[in-house]
>>> print(open('final.cif').read())   # mmCIF, C-alpha atoms
data_coords
#
loop_
_atom_site.label_atom_id
_atom_site.label_comp_id
_atom_site.auth_asym_id
_atom_site.auth_seq_id
_atom_site.Cartn_x
_atom_site.Cartn_y
_atom_site.Cartn_z
CA MET A 307 74.27 114.79 97.40
CA ARG A 308 72.92 115.82 94.00
CA ARG A 309 76.24 117.41 93.05
CA ALA A 310 78.09 114.18 93.92
CA ILE A 311 75.63 112.14 91.85
CA VAL A 312 76.01 114.44 88.85
CA VAL A 313 79.83 114.48 89.03
CA LEU A 314 80.07 110.73 89.47
CA GLY A 315 77.47 110.13 86.77
CA LEU A 316 79.47 112.22 84.31
CA ALA A 317 82.65 110.35 85.29
CA VAL A 318 80.97 106.97 84.80
CA ILE A 319 79.70 108.04 81.37
CA GLY A 320 83.08 109.52 80.44
CA PHE A 321 85.09 106.46 81.52
CA SER A 322 82.56 104.17 79.84
CA ILE A 323 82.98 106.02 76.54
CA TYR A 324 86.76 106.23 76.89
CA GLY A 325 87.14 102.60 77.98
CA THR A 326 84.98 101.34 75.13
CA ALA A 327 86.75 103.55 72.56
CA VAL A 328 90.24 102.37 73.54
CA ASP A 329 89.16 98.79 74.33
CA SER A 330 90.24 99.06 77.97
CA PRO A 331 90.12 95.49 79.30
CA PHE A 332 88.31 96.27 82.56
CA VAL A 333 85.78 98.94 81.62
CA ASN A 334 82.91 96.44 81.90
CA TYR A 335 84.13 95.47 85.36
CA TYR A 336 84.96 98.80 87.01
CA VAL A 337 81.97 100.79 85.75
CA PRO A 338 79.27 98.46 87.17
CA ILE A 339 81.15 98.05 90.44
CA THR A 340 81.37 101.83 90.77
CA VAL A 341 77.64 102.22 90.16
CA VAL A 342 76.77 99.53 92.75
CA LEU A 343 79.11 101.02 95.36
CA ALA A 344 77.73 104.51 94.68
CA ALA A 345 74.22 103.19 95.28
CA LEU A 346 75.41 101.64 98.56
CA VAL A 347 76.94 104.96 99.65
CA GLY A 348 73.68 106.71 98.72
CA TRP A 349 71.73 104.24 100.83
CA ILE A 350 74.04 104.78 103.82
CA HIS A 351 73.86 108.55 103.29
CA ARG A 352 70.12 108.45 103.93
CA THR A 353 70.79 107.98 107.65
CA ALA A 354 74.44 109.03 107.99
CA ARG A 355 73.91 112.38 106.28
CA PHE A 356 77.52 112.71 105.18
CA SER A 357 78.91 116.22 105.01
CA ASP A 358 79.42 117.77 101.58
CA ALA A 359 83.19 117.39 102.01
CA THR A 360 82.83 113.67 102.74
CA LEU A 361 80.54 113.18 99.74
CA LEU A 362 83.09 115.00 97.59
CA ALA A 363 85.93 112.82 98.93
CA LEU A 364 83.90 109.64 98.31
CA THR A 365 83.19 110.85 94.76
CA VAL A 366 86.87 111.58 94.13
CA ALA A 367 87.74 108.11 95.46
CA ALA A 368 85.22 106.52 93.09
CA ILE A 369 86.66 108.48 90.16
CA GLY A 370 90.18 107.47 91.22
CA ASN A 371 89.10 103.84 91.17
CA LEU A 372 87.59 104.24 87.70
CA ALA A 373 90.77 105.91 86.47
CA GLY A 374 92.95 103.21 88.00
CA GLY A 375 91.07 100.37 86.37
CA VAL A 376 90.03 101.87 83.05
CA LEU A 377 92.64 104.46 82.05
CA LEU A 378 95.29 102.82 79.87
CA TRP A 379 98.85 103.52 80.99
CA GLY A 380 101.92 101.96 79.42
CA ASP A 381 101.15 98.32 78.75
CA GLY A 382 98.36 98.15 81.35
CA THR A 383 96.10 100.43 83.34
CA LEU A 384 96.89 103.31 85.67
CA TYR A 385 96.80 100.93 88.65
CA GLY A 386 100.13 99.50 87.48
CA ALA A 387 101.88 102.86 87.02
CA ALA A 388 104.71 103.83 89.37
CA VAL A 389 103.92 107.15 91.05
CA ILE A 390 106.43 107.42 93.89
CA GLY A 391 109.65 105.57 93.06
CA ASP A 392 108.63 101.94 92.72
CA ILE A 393 105.35 102.48 94.57
CA ARG A 394 102.47 102.00 92.18
CA TYR A 395 99.25 104.01 91.90
CA ASP A 396 97.51 100.88 93.21
CA LYS A 397 99.09 101.12 96.67
CA VAL A 398 98.75 104.88 96.97
CA PHE A 399 95.13 104.68 95.90
CA HIS A 400 94.33 101.84 98.33
CA ALA A 401 95.64 103.95 101.21
CA LEU A 402 93.80 107.09 100.09
CA ALA A 403 90.51 105.31 99.36
CA THR A 404 90.43 103.49 102.69
CA GLY A 405 91.37 106.75 104.37
CA VAL A 406 88.27 108.31 102.85
CA ALA A 407 86.24 105.23 103.84
CA GLY A 408 87.56 105.51 107.39
CA TRP A 409 86.64 109.17 107.56
CA ALA A 410 83.13 108.44 106.22
CA ALA A 411 82.68 105.51 108.62
CA TYR A 412 83.70 107.66 111.58
CA GLU A 413 81.38 110.44 110.50
CA ALA A 414 78.49 107.98 110.17
CA VAL A 415 79.15 106.23 113.49
CA ARG A 416 79.39 109.51 115.36
CA ARG A 417 76.27 110.93 113.71
CA TRP A 418 74.31 107.78 114.48
CA GLY A 419 75.38 108.18 118.09
CA ILE A 420 75.89 104.44 118.51
CA ALA A 421 79.40 104.50 119.93
CA GLY A 422 81.55 106.50 122.29
CA THR A 423 84.70 108.12 120.93
CA GLY A 424 87.03 105.14 121.55
CA ALA A 425 84.51 102.64 120.23
CA ALA A 426 83.74 104.89 117.26
CA VAL A 427 87.42 104.90 116.32
CA PHE A 428 87.69 101.11 116.56
CA VAL A 429 84.45 100.45 114.69
CA SER A 430 85.35 102.95 111.96
CA ILE A 431 88.79 101.43 111.40
CA MET A 432 87.24 97.97 111.19
CA VAL A 433 84.57 99.16 108.74
CA ALA A 434 87.11 100.86 106.48
CA GLY A 435 89.51 97.91 106.73
CA GLY A 436 86.62 95.57 105.93
CA ALA A 437 85.75 97.68 102.91
CA GLY A 438 89.37 97.39 101.77
CA ALA A 439 89.29 93.62 102.29
CA PHE A 440 86.06 93.49 100.28
CA VAL A 441 87.90 95.23 97.45
CA GLU A 442 90.52 92.49 97.61
CA ILE A 443 87.74 89.92 97.20
CA ILE A 444 86.43 91.83 94.18
CA GLU A 445 89.96 91.85 92.75
CA TYR A 446 90.21 88.09 93.31
CA VAL A 447 86.93 87.54 91.48
CA GLY A 448 88.25 89.75 88.68
CA SER A 449 91.36 87.60 88.46
CA LEU A 450 89.12 84.56 87.95
CA LEU A 451 86.94 86.28 85.33
CA PHE A 452 89.68 87.91 83.26
CA GLU A 453 92.62 85.96 81.90
CA LYS A 454 94.67 89.14 81.61
CA ASN A 455 94.33 91.11 84.82
CA SER A 456 96.43 93.44 86.90
CA VAL A 457 95.61 92.02 90.32
CA GLY A 458 99.02 90.51 91.01
CA ASP A 459 100.03 87.74 93.36
CA TYR A 460 99.54 86.98 97.04
CA GLY A 461 102.32 89.40 98.03
CA ASN A 462 100.61 92.18 96.06
CA ASN A 463 97.30 91.51 97.80
CA MET A 464 98.97 91.53 101.22
CA LEU A 465 100.59 94.90 100.43
CA ASP A 466 97.14 96.15 99.39
CA LEU A 467 95.81 95.10 102.80
CA VAL A 468 98.71 96.90 104.50
CA ALA A 469 97.92 100.04 102.48
CA ASN A 470 94.22 99.63 103.33
CA THR A 471 94.97 99.34 107.04
CA ALA A 472 97.31 102.33 107.06
CA GLY A 473 94.80 104.40 105.11
CA SER A 474 91.86 103.47 107.32
CA ILE A 475 93.78 104.31 110.50
CA ALA A 476 94.98 107.63 109.07
CA GLY A 477 91.52 108.57 107.78
CA VAL A 478 89.80 107.78 111.07
CA LEU A 479 92.42 109.56 113.15
CA LEU A 480 92.09 112.66 110.96
CA ALA A 481 88.30 112.44 111.24
CA THR A 482 88.53 112.43 115.04
CA ARG A 483 90.04 115.89 114.76
CA PHE A 484 87.53 117.39 112.32
CA VAL A 485 84.15 115.61 112.45
CA ASP A 486 81.56 117.48 114.46
CA GLU A 487 80.35 115.91 117.66
CA PRO A 488 76.85 114.43 117.36
CA ASP A 489 74.02 116.46 118.81
CA PRO A 490 72.99 114.65 122.03
CA ASP A 491 69.49 116.12 121.76
CA ARG A 492 69.00 114.71 118.24
CA PRO A 493 67.62 111.16 118.31
CA SER A 494 69.43 108.51 116.30
CA THR A 495 68.30 108.35 112.69
CA ILE A 496 68.78 104.59 112.38
CA THR A 497 65.55 102.88 111.38
#
>>> encode(input="final.cif", output="structure tokens")
Amino acid sequence: MRRAIVVLGLAVIGFSIYGTAVDSPFVNYYVPITVVLAALVGWIHRTARFSDATLLALTVAAIGNLAGGVLLWGDGTLYGAAVIGDIRYDKVFHALATGVAGWAAYEAVRRWGIAGTGAAVFVSIMVAGGAGAFVEIIEYVGSLLFEKNSVGDYGNNMLDLVANTAGSIAGVLLATRFVDEPDPDRPSTIT
């Protein structure tokens, strides 16, 4: 956990300095959101005890979000850059980030021992999809706060939700293959 905190802390400081130096329009939006979400992940980690690989993936996702919103690219930020044909970084990142969220949710649910395998899959997909929908709410708030924003229209937000759903399903299904089974002799750590 300490390694993830240090890496993310350095990224937050680095993107804050970069964003301020180049007058990136969303640096004061993405940096605080990243810090709050990192604190939430830390709080969940207290009982979920994410694996080092999951903490690393969550950290990389947080850095990818910072890069997408703060790094200037063309006439906007990286989120608007085409990475695969006409598919923008935004869509690819939504799928990858919710995939990581799905994996983390599955790992937490299984470690807490609160659901059988089928229920754990369903709950994890819903948690990751809900996290993706929450991001859409944050983007909507950003569109209200910033005159110039890169959120897009209704169609863009719906495609984000499609990418979120695909990513959460893929992440959870991959997790079902690789996350260790919970120890039945270990009591649940939920308090």
>>> residues_around(input="final.cif", residues="stretch 466-475 of chain A", least_positions_apart="3", cutoff="7 Å", atoms="only C-alpha atoms", output="VMD selection string")
chain A and resid 397 400 to 402 404 to 405 407 to 408 431 434 to 435 438 to 439 462 to 463 478 to 479
>>> atom_distance(input="final.cif", atom1="atom CA of A:His351", atom2="atom CA of A:Glu413")
10.6 Å
>>> atom_distance(input="final.cif", atom1="atom CA of A:Phe399", atom2="atom CA of A:Val415")
23.8 Å
>>> resolve_selection(input="final.cif", expression="the PyMOL selection byres ((chain A and resi 381-385) around 10)", output="PDB file with C-alpha atoms, keeping the file's coordinate frame")
ATOM      1  CA  SER A 330      90.240  99.060  77.970  1.00  0.00           C
ATOM      2  CA  PRO A 331      90.120  95.490  79.300  1.00  0.00           C
ATOM      3  CA  PHE A 332      88.310  96.270  82.560  1.00  0.00           C
ATOM      4  CA  GLY A 370      90.180 107.470  91.220  1.00  0.00           C
ATOM      5  CA  ASN A 371      89.100 103.840  91.170  1.00  0.00           C
ATOM      6  CA  LEU A 372      87.590 104.240  87.700  1.00  0.00           C
ATOM      7  CA  ALA A 373      90.770 105.910  86.470  1.00  0.00           C
ATOM      8  CA  GLY A 374      92.950 103.210  88.000  1.00  0.00           C
ATOM      9  CA  GLY A 375      91.070 100.370  86.370  1.00  0.00           C
ATOM     10  CA  VAL A 376      90.030 101.870  83.050  1.00  0.00           C
ATOM     11  CA  LEU A 377      92.640 104.460  82.050  1.00  0.00           C
ATOM     12  CA  LEU A 378      95.290 102.820  79.870  1.00  0.00           C
ATOM     13  CA  TRP A 379      98.850 103.520  80.990  1.00  0.00           C
ATOM     14  CA  GLY A 380     101.920 101.960  79.420  1.00  0.00           C
ATOM     15  CA  GLY A 386     100.130  99.500  87.480  1.00  0.00           C
ATOM     16  CA  ALA A 387     101.880 102.860  87.020  1.00  0.00           C
ATOM     17  CA  ALA A 388     104.710 103.830  89.370  1.00  0.00           C
ATOM     18  CA  VAL A 389     103.920 107.150  91.050  1.00  0.00           C
ATOM     19  CA  ARG A 394     102.470 102.000  92.180  1.00  0.00           C
ATOM     20  CA  TYR A 395      99.250 104.010  91.900  1.00  0.00           C
ATOM     21  CA  ASP A 396      97.510 100.880  93.210  1.00  0.00           C
ATOM     22  CA  LYS A 397      99.090 101.120  96.670  1.00  0.00           C
ATOM     23  CA  VAL A 398      98.750 104.880  96.970  1.00  0.00           C
ATOM     24  CA  PHE A 399      95.130 104.680  95.900  1.00  0.00           C
ATOM     25  CA  LYS A 454      94.670  89.140  81.610  1.00  0.00           C
ATOM     26  CA  ASN A 455      94.330  91.110  84.820  1.00  0.00           C
ATOM     27  CA  SER A 456      96.430  93.440  86.900  1.00  0.00           C
ATOM     28  CA  VAL A 457      95.610  92.020  90.320  1.00  0.00           C
TER      29      VAL A 457
END
>>> closest_residue(input="final.cif", among="A:Leu316, A:Ile420, A:Ala410, A:Val328", to="A:Ala437", atoms="all atoms listed in the file")
A:Ala410
>>> resolve_selection(input="final.cif", expression="the PyMOL selection byres ((chain A and resi 369) around 12)", output="ChimeraX atom specification")
/A:310-311,313-322,336-337,339-341,343-344,362-368,370-377,399,403
>>> residues_near_point(input="final.cif", point="(77.6, 110.3, 106.2)", cutoff="8 Å", atoms="all atoms listed in the file", output="list in words")
Ile350, His351, Thr353, Ala354, Arg355, Phe356, Ser357, Thr360, Leu361, Ala410, Ala411, Glu413, Ala414 and Arg417 of chain A
>>> atom_distance(input="final.cif", atom1="atom CA of A:Leu465", atom2="atom CA of A:Arg483")
27.5 Å
>>> axis_aligned_box(input="final.cif", around="stretch 344-363 of chain A", padding_each_side="3 Å", output="JSON")
{"center_x": 78.0, "center_y": 109.7, "center_z": 101.3, "size_x": 21.8, "size_y": 22.1, "size_z": 19.3}
>>> closest_residue(input="final.cif", among="A:Tyr335, A:Met432, A:Ile323, A:Trp409", to="A:Ala476", atoms="all atoms listed in the file")
A:Trp409
>>> residues_around(input="final.cif", residues="A:Tyr412", least_positions_apart="4", cutoff="7 Å", atoms="only C-alpha atoms", output="PyMOL selection string")
chain A and resi 408+416+426-427+430+478+481
